[in-house]
Amino acid sequence: MIERHVTVRVKEGLHARPATQFVKLAKTFVSDVQIRRGDKGANAKSSVKLMLLGLKEGEDVSLTAEGDDAPAALDALATFIETPEAGLDLGGTVPLATADERSSSFTPRREVLSGPGGVPASEGAAIGPAFGFFPEVLQAPNRVVATESIEAEIEMMRRALDATTASLIGSKLKDGVTPQDAQIIEALIEVARDAEMIGAVESVIRTGKDAVTATLQAGQDLAATFERVDNDYIRARAEDVRGVTRALALELLGKADANLGAVPEGAILVAEEISAWDFAKAPLQAIAGILCTKGAATSHVAIMARTHGIPAVLGSRADLAALRAAQVVALDGKTGEVWLDPNDTVATEIRERVAREARERDALDSYRQIIPVTRSGQAIEVAANLGSLKEIGPALKAGAMGVGLFRTELLFMERKVLPSEDEQAEIYAELARAFAPYPVIVRTLDIGGDKPVAGIEFPHEENPFLGWRGVRMCLDRPDVFKPQLKALLRAATHGNIKIMVPMVTNADEVLRVKALLAECRAELDAAGIPVGNPDLGIMMETPAAALLAADLAKHAAFFSIGTNDLTQYVMAADRLNPRVADLNRADHPAVLRAIELICDAARQQGIWVGICGEAAARPDLIPIFLRLGVKELSMSPASIPRAKKTVTEIELPGL
């Protein structure tokens, strides 16, 4: 057995989504892995046990592993725990606010109108007809099961569990599901399939109780356990357990539950509690607002409401009987105000709020489909950073002018085996088709010790950000790199694929990539497989690349500046270390000087420069970047309309 001590850096701690991803990662290893905080421990392969441990950001924990792949398991899991964004890769969705952000974002208005308010959970005002969602309370049959029938009862429960999770998997695949929705649904599936949950139900069945009774009893006990944890996020998971329990019990009873599929357009959904299990099946585009007497801003329903821009107030003080009787409901998800059957004065005020918010959205929405041009007449390309095909829809809706960064490592990290050349070729081709005629820049595999991938064994490194990663690893592993290059050459027949190489420090690395590309092209030609001729660019993210930009520009079709890593390396400040966060600034003069060196070199060689780091979306930095010569900005889809607006307000000297 080996042990590793680490500090939890995951934002908000290991709540449901990061806990689910942590468990999925742990399950890829055969070793038995335990995680401990003080005198409390949990099986790292049980999401329920892990969530109940209630690990918070900043806490010290120990990981122990025993088995053939114990060192690799500890390396991967320790890296996960020490990564702030671990398990929360949400594409362009709106992130869950921190406690401090919530307290500042949801400040009650001074002109508070009377009403049975609640917890502001998702910003925005709404008014509309009430749609009540009050499912019947399930009663336990308390049927006695004969000893010889217990195994059959357990088997029946397992079949019901398979059907229940299959239903939720179907919800995950439906249109309109965002990457964040999918993560939440995945967390629910993990709870349903968790050995702790299943074991609790089976234990009750073995006492002689029927499967329905056992399910309701075990679910109630487990939900109560969650509610006793001293952590808002973990307590909110009791709602998930109740939703899973109810769905399984209904499946066993052969009953259909109350259906949210019938919510009419523009209605306010009112309920005592809505589980994410139920909400995942609702026509979210029809719902104008949500009001519940239970729940909190940390619940999965609140997160999904924010993702889809649905105003919500949870934990309302409204009387349940009054809520059932209400014909019209008005609410403000920013202030927590609620009105049941509001009078004309209140209704007028809320409608004015709704109209005002719509005007503000429309003012920004008008920029989605434009090609932004500065006041000096220079067109700027504003593209999207993506990590999966699921993010194509939100990016196109936001007005993305192509893809400035497609992170291919996520395709590898999600699998237990490396993706084949054919699989990759189809994924890249689908991207090309979706954004044509705009360019799609695909970054070649950027993985290292901080991004574990099945099928590639990484050595333990004290600082994986400075280790065997990116182009360094790829050039050492042509068996991994060449299938990706071949797939990109095949997808390039669509005409808009570009290839970008990460972690470059010298021209020799670029020349070696070009040689491999030529080798791949020759092999594909020999096999009679059509190929394209994609541009090859460099991701400028190391100080070495910035200092050697004039030399590198001779071998590249474009530069794309990764400001996240460039800032980290220039400032010698780990971007995952909160103690040096004040140094990790893309607007620091040293970082801006590095960007200026890159832009000057590109201009002299006649190639273009883009920025694909988080700084590309900052309204305060966009004017600086454009004045330095940047021609393309790439960012999360949600930031695109504001960035386009910012571009149109800039006057560039000399043009």
# chains A, B, ... in the order shown; residues from 1 in each chain; ligands from 1
$ select_by_dssp --residues "region 249-471 of chain A" --states "strand (DSSP E or B)" --output "MDAnalysis selection string"
chainID A and resid 267:271 287:292 312:314 328:332 337:340 373 379 381:386 403:407 440:443
$ residues_around --residues "Asp39 (chain A)" --least-positions-apart "3" --cutoff "12 Å" --atoms "only C-alpha atoms" --output "number ranges by chain"
A: 35-36, 42, 53, 61-62
$ write_last_selection --atoms "C-alpha atoms" --output "short mmCIF file (atom, residue, chain, number, x, y, z; two decimals), in the first residue's frame"
data_model
loop_
_atom_site.label_atom_id
_atom_site.label_comp_id
_atom_site.auth_asym_id
_atom_site.auth_seq_id
_atom_site.Cartn_x
_atom_site.Cartn_y
_atom_site.Cartn_z
CA ILE A 35 -9.46 8.74 0.66
CA ARG A 36 -9.33 10.04 4.24
CA ALA A 42 -14.32 6.63 2.04
CA LEU A 53 -17.21 12.78 3.28
CA VAL A 61 -6.60 14.65 2.75
CA SER A 62 -4.66 11.44 2.30
#
$ residues_around --residues "Asp620 (chain A)" --least-positions-apart "2" --cutoff "12 Å" --atoms "only C-alpha atoms" --output "JSON, numbers by chain"
{"A": [586, 587, 615, 616, 617, 618, 622, 623, 624, 625, 626, 642, 643, 646, 647, 649, 650]}
$ write_last_selection --atoms "C-alpha atoms" --output "PDB file, in the first residue's frame"
ATOM      1  CA  ALA A 586      -2.551  38.461 -18.107  1.00  0.00           C
ATOM      2  CA  ASP A 587      -2.467  42.258 -17.892  1.00  0.00           C
ATOM      3  CA  ALA A 615      -7.894  36.883 -21.518  1.00  0.00           C
ATOM      4  CA  ALA A 616      -9.327  36.952 -25.064  1.00  0.00           C
ATOM      5  CA  ALA A 617     -12.772  37.620 -23.588  1.00  0.00           C
ATOM      6  CA  ARG A 618     -11.767  40.495 -21.304  1.00  0.00           C
ATOM      7  CA  ILE A 622      -9.311  43.325 -26.110  1.00  0.00           C
ATOM      8  CA  PRO A 623      -8.372  46.920 -27.171  1.00  0.00           C
ATOM      9  CA  ILE A 624      -4.749  46.295 -26.108  1.00  0.00           C
ATOM     10  CA  PHE A 625      -4.567  43.012 -28.021  1.00  0.00           C
ATOM     11  CA  LEU A 626      -5.981  44.521 -31.202  1.00  0.00           C
ATOM     12  CA  ARG A 642     -19.896  40.861 -25.416  1.00  0.00           C
ATOM     13  CA  ALA A 643     -16.503  40.468 -27.088  1.00  0.00           C
ATOM     14  CA  THR A 646     -16.296  45.459 -27.451  1.00  0.00           C
ATOM     15  CA  VAL A 647     -14.561  45.133 -30.834  1.00  0.00           C
ATOM     16  CA  GLU A 649     -16.325  50.191 -30.005  1.00  0.00           C
ATOM     17  CA  ILE A 650     -12.539  50.217 -30.570  1.00  0.00           C
TER      18      ILE A 650
END
$ residues_around --residues "Val510 (chain A)" --least-positions-apart "5" --cutoff "8 Å" --atoms "only C-alpha atoms" --output "ChimeraX atom specification"
/A:501,504,555
$ residues_around --residues "Gly610 (chain A)" --least-positions-apart "6" --cutoff "7 Å" --atoms "only C-alpha atoms" --output "PDB file with C-alpha atoms, in the first residue's frame"
ATOM      1  CA  PHE A 559       0.426  31.972 -34.005  1.00  0.00           C
ATOM      2  CA  SER A 560      -2.232  31.531 -31.334  1.00  0.00           C
ATOM      3  CA  ILE A 561      -1.348  32.854 -27.897  1.00  0.00           C
ATOM      4  CA  VAL A 630      -4.093  40.410 -32.865  1.00  0.00           C
ATOM      5  CA  LYS A 631      -6.563  39.430 -35.617  1.00  0.00           C
ATOM      6  CA  GLU A 632      -8.552  36.659 -33.910  1.00  0.00           C
ATOM      7  CA  LEU A 633     -10.016  36.182 -30.431  1.00  0.00           C
TER       8      LEU A 633
END
$ atom_distance --atom1 "CA of Ile350 (chain A)" --atom2 "CA of Pro264 (chain A)"
20.0 Å
$ closest_residue --among "A:Val144, A:Ala573, A:Ala187, A:Val480" --to "Lys209 (chain A)" --atoms "only C-alpha atoms"
A:Val144
$ closest_residue --among "A:Ala121, A:Ile268, A:Val382, A:Ile370" --to "Val301 (chain A)" --atoms "only C-alpha atoms"
A:Ala121
